[in-house]
Every structure is written in structure tokens, then in C-alpha cells.
Amino acid sequence: MFKLFNSLKARSPKDANNDLPISVDMFKEEHWRFLKSLDKSPINKKFTGMVVLEIGDVDKFIKNLLNMNLIKYANLRENVECFKVVELKELLKDNSLMVTGNKLQLVERVIDNLQETQIKNNKYYKESYV
């Protein structure tokens, strides 16, 4: 880790932007690591620290990943699947629906019984990447 930090310290985030890959053939280890970290990550998440040093312009890299179809914006179901079980149960309970079952059953119940606006207005709802 120290070796990585020293090698990154010598270049500024602006320099890192010049290294943003536009195809998977150009990916380095840090690009794959960042791609993996985006799975089910909220789209408004702010990245700092080593990520910025390694990647540079994170927003631009995310746009590249979207253009390469390596990530996409999650649909309603995929965003609901990001809820924790306790959050799903609270949402169901608040709407007078059964709260028993496994996570898949709870997700199905939310999708089948609630309107999109009811789901999106929930405090746990976050737009995500998948």
C-alpha cells in the first residue's frame, strides 16, 4: 500500500485523468477494483482519498463505464433489492402489508403492491448503479 501511495503521490489527479481507459483492454487493477465497488453503490456517492488518487476524474470514469455498458442505472426492482430486510419490512409495515418471508418475497411484495412513487419516496430508497 505504501508503495502504491508513493507512486500515486508523484502524479496529480489531473495526470490521472489522462489515463482514464476507454476500453476494458486499457483497465488497470485500480479500474477493476473501482468497477467492482460501484455495484449497488448509490449514484450520488462522493468518492475521496485513494480512489481519487488512483482514478482521477471519477465522474468521467463512471461515464466511460456507462458508455462501455459495464454498469447501468438500476431499475426500480434492482434499487428495491438494495434495501436491507429490516428496511423492506418497515416499508411493508408502513403500508399495512405482511412483513413475513425471505428477502426475495419481501421485494416481490413491495414491487407488486406499492406504486413507484410510494417506493421512491421512502427514506431508504437510493438510485444505484448495477
# chains A, B, ... in the order shown; residues from 1 in each chain; ligands from 1
$ closest_atom_pairs --of "region 46-130 of chain A" --to "region 22-41 of chain A" --cutoff "6 Å" --atoms "only C-alpha atoms" --output "tab-separated table"
residue	atom	partner	partner_atom	distance
A:Ser128	CA	A:Ser41	CA	5.3
A:Tyr129	CA	A:Lys40	CA	5.2
A:Val130	CA	A:Asp39	CA	4.8
$ residues_around --residues "Tyr124 (chain A)" --least-positions-apart "4" --cutoff "10 Å" --atoms "only C-alpha atoms" --output "list in words"
Asn79, Val80, Cys82, Phe83, Lys84, Glu87, Leu88, Glu90, Leu91, Ile119 and Lys120 of chain A
$ closest_residue --among "A:Ile43, A:Leu114, A:Met50, A:Val86" --to "Leu66 (chain A)" --atoms "only C-alpha atoms"
A:Ile43
$ closest_residue --among "A:Leu20, A:Arg77, A:Ser96, A:Asn122" --to "Asp59 (chain A)" --atoms "only C-alpha atoms"
A:Leu20
$ atom_distance --atom1 "CA of Val107 (chain A)" --atom2 "CA of Ile71 (chain A)"
22.0 Å
$ select_by_dssp --residues "region 46-78 of chain A" --states "helix (DSSP H, G or I)" --output "count of residues only"
19
$ atom_distance --atom1 "CA of Val110 (chain A)" --atom2 "CA of Lys89 (chain A)"
9.3 Å
$ atom_distance --atom1 "CA of Glu127 (chain A)" --atom2 "CA of Glu78 (chain A)"
9.2 Å
$ closest_residue --among "A:Lys60, A:Asn75, A:Asp94, A:Lys126" --to "Ile111 (chain A)" --atoms "only C-alpha atoms"
A:Asn75
